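Engineer: Contents are mmCIF, C-alpha atoms; file name start10.cif:
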data_model
loop_
_atom_site.label_atom_id
_atom_site.label_comp_id
_atom_site.auth_asym_id
_atom_site.auth_seq_id
_atom_site.Cartn_x
_atom_site.Cartn_y
_atom_site.Cartn_z
CA MET A 1 4.85 10.31 -12.67
CA VAL A 2 5.65 8.40 -9.50
CA ASP A 3 6.91 10.41 -6.54
CA PRO A 4 9.47 7.80 -5.58
CA VAL A 5 10.26 6.60 -2.13
CA THR A 6 13.26 4.33 -2.63
CA GLU A 7 13.13 0.85 -1.22
CA TYR A 8 15.67 -0.07 1.41
CA PHE A 9 17.30 -3.47 1.70
CA ASP A 10 18.35 -4.51 5.20
CA ILE A 11 21.77 -6.14 4.80
CA PHE A 12 21.52 -7.73 8.25
CA SER A 13 18.19 -9.52 7.85
CA GLY A 14 18.36 -9.99 4.07
CA ARG A 15 14.86 -8.53 3.75
CA ASP A 16 13.41 -5.40 2.26
CA THR A 17 11.97 -2.98 4.78
CA LYS A 18 8.25 -2.30 4.71
CA PHE A 19 6.98 0.97 3.29
CA ALA A 20 4.76 3.10 5.56
CA ALA A 21 2.57 4.41 2.74
CA LEU A 22 0.00 6.21 4.89
CA ALA A 23 1.25 7.22 8.32
CA GLY A 24 -1.53 8.74 10.38
CA ALA A 25 -3.42 10.10 7.37
CA THR A 26 -6.57 12.08 8.11
CA VAL A 27 -7.75 12.89 4.57
CA THR A 28 -8.33 10.96 1.34
CA GLY A 29 -5.78 10.74 -1.44
CA PRO A 30 -2.79 8.71 -2.58
CA SER A 31 0.47 8.27 -0.74
CA LEU A 32 3.84 8.66 -2.36
CA GLY A 33 4.82 5.70 -4.49
CA TRP A 34 7.28 3.07 -3.29
CA LEU A 35 9.77 2.57 -6.13
CA THR A 36 10.98 -0.98 -5.66
CA THR A 37 14.48 -2.23 -6.47
CA LYS A 38 13.03 -5.24 -8.33
CA PRO A 39 9.64 -5.96 -9.94
CA ARG A 40 7.07 -7.21 -7.43
CA ARG A 41 4.32 -9.71 -8.17
CA VAL A 42 2.87 -10.42 -4.73
CA VAL A 43 2.24 -7.17 -2.85
CA SER A 44 0.46 -6.88 0.51
CA MET A 45 -0.88 -3.92 2.48
CA GLN A 46 -1.85 -3.87 6.15
CA VAL A 47 -4.27 -1.12 7.15
CA SER A 48 -4.88 0.11 10.69
CA TYR A 49 -7.22 2.93 11.64
CA THR A 50 -8.91 4.63 14.57
CA GLY A 51 -11.96 6.88 14.73
CA PHE A 52 -13.31 6.44 11.20
CA SER A 53 -16.63 4.64 10.69
CA VAL A 54 -15.94 3.81 7.02
CA VAL A 55 -12.49 3.20 5.53
CA LYS A 56 -11.60 2.26 1.94
CA VAL A 57 -7.93 2.11 0.96
CA ALA A 58 -6.76 0.82 -2.42
CA LEU A 59 -3.41 -0.88 -2.92
CA GLU A 60 -2.24 0.36 -6.32
CA GLY A 61 0.66 -0.54 -8.59
CA THR A 62 2.31 0.90 -11.68
CA ILE A 63 4.82 -0.07 -14.32
CA ASP A 64 5.23 3.31 -16.02
CA GLY A 65 5.06 5.57 -12.94
CA THR A 66 2.07 7.48 -14.33
CA ASN A 67 -0.88 5.09 -14.61
CA TRP A 68 -1.90 3.43 -11.35
CA TYR A 69 -3.80 0.11 -11.34
CA PRO A 70 -5.83 -1.24 -8.38
CA LEU A 71 -4.30 -4.44 -6.99
CA ALA A 72 -6.39 -4.94 -3.83
CA LEU A 73 -8.94 -3.10 -1.68
CA PHE A 74 -9.25 -2.73 2.08
CA ASP A 75 -12.93 -1.93 2.71
CA THR A 76 -14.75 -1.84 6.05
CA GLY A 77 -18.01 -2.19 4.07
CA ALA A 78 -16.79 -5.62 2.94
CA ALA A 79 -15.94 -6.77 6.49
CA SER A 80 -12.32 -5.55 6.65
CA VAL A 81 -11.28 -4.60 10.18
CA SER A 82 -8.35 -2.58 11.50
CA GLY A 83 -5.14 -4.57 11.14
CA ASP A 84 -6.32 -6.70 8.19
CA ILE A 85 -4.00 -7.44 5.30
CA VAL A 86 -5.05 -7.35 1.64
CA SER A 87 -2.89 -8.67 -1.19
CA GLY A 88 -2.61 -8.38 -4.93
CA SER A 89 -0.78 -11.01 -6.96
CA SER A 90 -2.04 -10.87 -10.53
CA HIS A 91 0.35 -8.27 -11.99
CA ALA A 92 4.06 -7.53 -11.72
CA VAL A 93 4.66 -3.87 -10.77
CA LEU A 94 7.65 -1.56 -10.31
CA ALA A 95 6.08 0.82 -7.78
CA VAL A 96 3.20 0.63 -5.31
CA ARG A 97 1.21 3.04 -3.18
CA ALA A 98 -1.80 3.23 -0.88
CA ASN A 99 -4.72 5.41 -1.92
CA ALA A 100 -7.23 6.42 0.78
CA LEU A 101 -10.47 6.48 -1.21
CA THR A 102 -13.03 6.93 1.59
CA LEU A 103 -12.57 8.09 5.18
CA THR A 104 -15.87 8.81 6.94
CA GLY A 105 -15.75 10.55 10.29
CA ALA A 106 -12.63 11.74 12.05
CA GLY A 107 -9.55 9.67 12.82
CA THR A 108 -6.27 8.43 11.41
CA VAL A 109 -5.31 5.64 9.02
CA THR A 110 -1.97 3.93 8.50
CA ALA A 111 -1.06 1.57 5.66
CA ALA A 112 2.15 -0.47 5.45
CA ILE A 113 3.15 -2.22 2.21
CA THR A 114 5.58 -5.03 1.45
CA GLY A 115 6.05 -7.49 -1.37
CA THR A 116 8.10 -10.32 -2.78
CA SER A 117 10.33 -9.88 -5.81
CA LEU A 118 9.90 -11.94 -8.96
CA GLY A 119 11.71 -15.22 -8.56
CA SER A 120 11.33 -15.22 -4.76
#
Go through the file and emit its structure as C-alpha coordinates.
Structural biologist:
Amino acid sequence: MVDPVTEYFDIFSGRDTKFAALAGATVTGPSLGWLTTKPRRVVSMQVSYTGFSVVKVALEGTIDGTNWYPLALFDTGAASVSGDIVSGSSHAVLAVRANALTLTGAGTVTAAITGTSLGS
(Lines of atoms letter the chains of each structure in order from A and count residues from 1; the text may use other names and numbers.)
(Lines give C-alpha, C1' and ligand atoms only; values in the text may rest on other atoms or scores of the structure.)
Protein backbone atom coordinates (compact mmCIF):
# COMPACT_ATOMS: atom_id res chain seq x y z
CA MET A 1 0.00 0.00 0.00
CA VAL A 2 1.24 3.48 -0.81
CA ASP A 3 2.32 5.66 2.10
CA PRO A 4 0.73 8.77 0.63
CA VAL A 5 2.21 12.20 0.54
CA THR A 6 -0.60 14.36 -0.81
CA GLU A 7 0.11 16.58 -3.77
CA TYR A 8 -0.25 20.30 -3.28
CA PHE A 9 -1.61 22.67 -5.90
CA ASP A 10 -0.27 26.22 -5.76
CA ILE A 11 -3.30 28.47 -6.37
CA PHE A 12 -1.04 31.45 -7.13
CA SER A 13 1.11 29.89 -9.85
CA GLY A 14 -1.45 27.37 -11.10
CA ARG A 15 1.15 24.61 -10.84
CA ASP A 16 1.59 21.56 -8.69
CA THR A 17 4.50 21.73 -6.28
CA LYS A 18 7.37 19.31 -6.74
CA PHE A 19 7.71 16.36 -4.39
CA ALA A 20 11.03 16.00 -2.53
CA ALA A 21 11.04 12.20 -2.60
CA LEU A 22 14.52 11.68 -1.18
CA ALA A 23 15.82 14.56 0.91
CA GLY A 24 19.39 13.95 2.00
CA ALA A 25 19.05 10.16 2.02
CA THR A 26 22.11 8.19 3.12
CA VAL A 27 20.84 4.61 2.71
CA THR A 28 19.07 2.60 0.01
CA GLY A 29 15.33 2.07 -0.09
CA PRO A 30 12.14 3.67 -1.38
CA SER A 31 10.77 7.05 -0.42
CA LEU A 32 7.18 7.63 0.54
CA GLY A 33 4.83 7.69 -2.41
CA TRP A 34 3.48 10.91 -3.86
CA LEU A 35 -0.27 10.42 -4.26
CA THR A 36 -1.20 12.74 -7.11
CA THR A 37 -4.51 14.58 -7.44
CA LYS A 38 -4.82 13.46 -11.09
CA PRO A 39 -3.30 10.60 -13.11
CA ARG A 40 0.17 11.45 -14.43
CA ARG A 41 1.61 10.22 -17.72
CA VAL A 42 4.84 12.19 -18.01
CA VAL A 43 6.79 12.06 -14.73
CA SER A 44 10.31 13.41 -14.21
CA MET A 45 12.84 13.04 -11.40
CA GLN A 46 15.91 15.19 -10.78
CA VAL A 47 18.64 13.55 -8.71
CA SER A 48 21.45 15.37 -6.92
CA TYR A 49 24.08 13.73 -4.76
CA THR A 50 27.38 14.31 -3.00
CA GLY A 51 30.01 11.89 -1.75
CA PHE A 52 28.78 8.67 -3.36
CA SER A 53 30.86 7.04 -6.11
CA VAL A 54 27.94 5.03 -7.53
CA VAL A 55 24.28 6.11 -7.44
CA LYS A 56 21.24 4.31 -8.88
CA VAL A 57 17.80 5.73 -8.18
CA ALA A 58 14.64 4.37 -9.82
CA LEU A 59 11.61 6.52 -10.54
CA GLU A 60 8.66 4.23 -9.84
CA GLY A 61 4.91 4.53 -10.36
CA THR A 62 1.80 2.67 -9.25
CA ILE A 63 -1.88 2.50 -10.03
CA ASP A 64 -2.99 0.26 -7.16
CA GLY A 65 -0.72 1.62 -4.40
CA THR A 66 0.86 -1.79 -3.82
CA ASN A 67 2.75 -2.82 -6.95
CA TRP A 68 5.46 -0.40 -8.04
CA TYR A 69 6.66 -0.28 -11.68
CA PRO A 70 9.98 1.24 -12.84
CA LEU A 71 9.42 4.29 -15.05
CA ALA A 72 12.99 5.61 -15.39
CA LEU A 73 16.47 5.08 -13.92
CA PHE A 74 19.12 7.55 -12.81
CA ASP A 75 22.42 5.63 -12.99
CA THR A 76 25.94 7.02 -12.65
CA GLY A 77 27.16 3.83 -14.38
CA ALA A 78 25.22 4.93 -17.48
CA ALA A 79 26.72 8.45 -17.48
CA SER A 80 24.14 10.19 -15.26
CA VAL A 81 25.66 13.04 -13.27
CA SER A 82 24.41 14.97 -10.24
CA GLY A 83 21.55 17.24 -11.25
CA ASP A 84 20.41 15.16 -14.24
CA ILE A 85 16.73 14.61 -14.92
CA VAL A 86 15.22 11.28 -15.99
CA SER A 87 11.66 10.90 -17.24
CA GLY A 88 9.10 8.19 -17.75
CA SER A 89 6.19 8.68 -20.13
CA SER A 90 4.91 5.28 -21.18
CA HIS A 91 2.36 4.62 -18.41
CA ALA A 92 -0.26 6.67 -16.58
CA VAL A 93 0.18 6.39 -12.79
CA LEU A 94 -1.64 7.61 -9.68
CA ALA A 95 1.37 7.72 -7.34
CA VAL A 96 5.14 7.97 -7.78
CA ARG A 97 8.22 7.54 -5.62
CA ALA A 98 12.01 7.46 -5.79
CA ASN A 99 13.77 4.24 -4.85
CA ALA A 100 17.49 4.44 -4.02
CA LEU A 101 18.73 1.11 -5.36
CA THR A 102 22.51 1.55 -5.04
CA LEU A 103 24.53 4.05 -3.00
CA THR A 104 28.24 3.21 -2.89
CA GLY A 105 30.42 5.13 -0.46
CA ALA A 106 29.23 7.77 1.95
CA GLY A 107 27.18 10.84 1.10
CA THR A 108 23.66 12.12 0.57
CA VAL A 109 21.18 11.91 -2.29
CA THR A 110 18.14 14.04 -3.04
CA ALA A 111 15.45 13.31 -5.62
CA ALA A 112 12.67 15.72 -6.64
CA ILE A 113 9.71 14.53 -8.71
CA THR A 114 7.12 16.36 -10.80
CA GLY A 115 4.77 15.43 -13.59
CA THR A 116 2.07 16.58 -15.96
CA SER A 117 -1.53 15.46 -15.60
CA LEU A 118 -3.37 13.63 -18.37
CA GLY A 119 -4.78 16.14 -20.79
CA SER A 120 -2.08 18.72 -20.03
Engineer: Once the PyMOL selection byres ((chain A and resi 24) around 9) has been evaluated on this model, what residues remain selected, and can you format them as a list of chain:residue names?
Structural biologist: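 Evaluating the PyMOL selection byres ((chain A and resi 24) around 9) on these coordinates yields A:Leu22, A:Ala23, A:Ala25, A:Thr26, A:Tyr49, A:Gly107, A:Thr108, A:Val109, A:Thr110, A:Ala111.
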Engineer: Just the residues within 10 Å of stretch 86-92 of chain A, please, counting all atoms listed in the file, with nothing from its chain fewer than 3 positions along; format it as number ranges by chain.
Structural biologist: A: 38-47, 57-63, 69-75, 80, 83, 95, 113-118
Engineer: To one decimal place in Å, what is the distance between atom CA of A:Thr37 and atom CA of A:Ser82?
Structural biologist: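 Computing it gives 29.1 Å between the two atoms.
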Engineer: Which polymer residues, protein or nucleic acid, are no farther than 12 Å from (-4.4, 9.9, -10.2), counting only C-alpha atoms, as a PyMOL selection string?
Structural biologist: chain A and resi 1-3+29-33+60-62+65-70+97-101
Engineer: Please compute the atom CA of A:Ala20-atom CA of A:Asp64 distance, one decimal, in Å.
Structural biologist: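 Here the two named atoms are 21.6 Å from each other.
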Engineer: Could you tell me how far atom CA of A:Val93 sits from atom CA of A:Ala78, in Å to one decimal place?
Structural biologist: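 Computing the Euclidean distance for atom CA of A:Ala78 and atom CA of A:Val93 yields 25.5 Å.
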Engineer: Can you tell me, as a list in words, what residues are no more than 9 Å from A:Gly77 when counting all atoms listed in the file, ignoring any on the same chain fewer than 4 positions away?
Structural biologist: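 The contact residues come out as Val54, Val55 and Lys56 of chain A.
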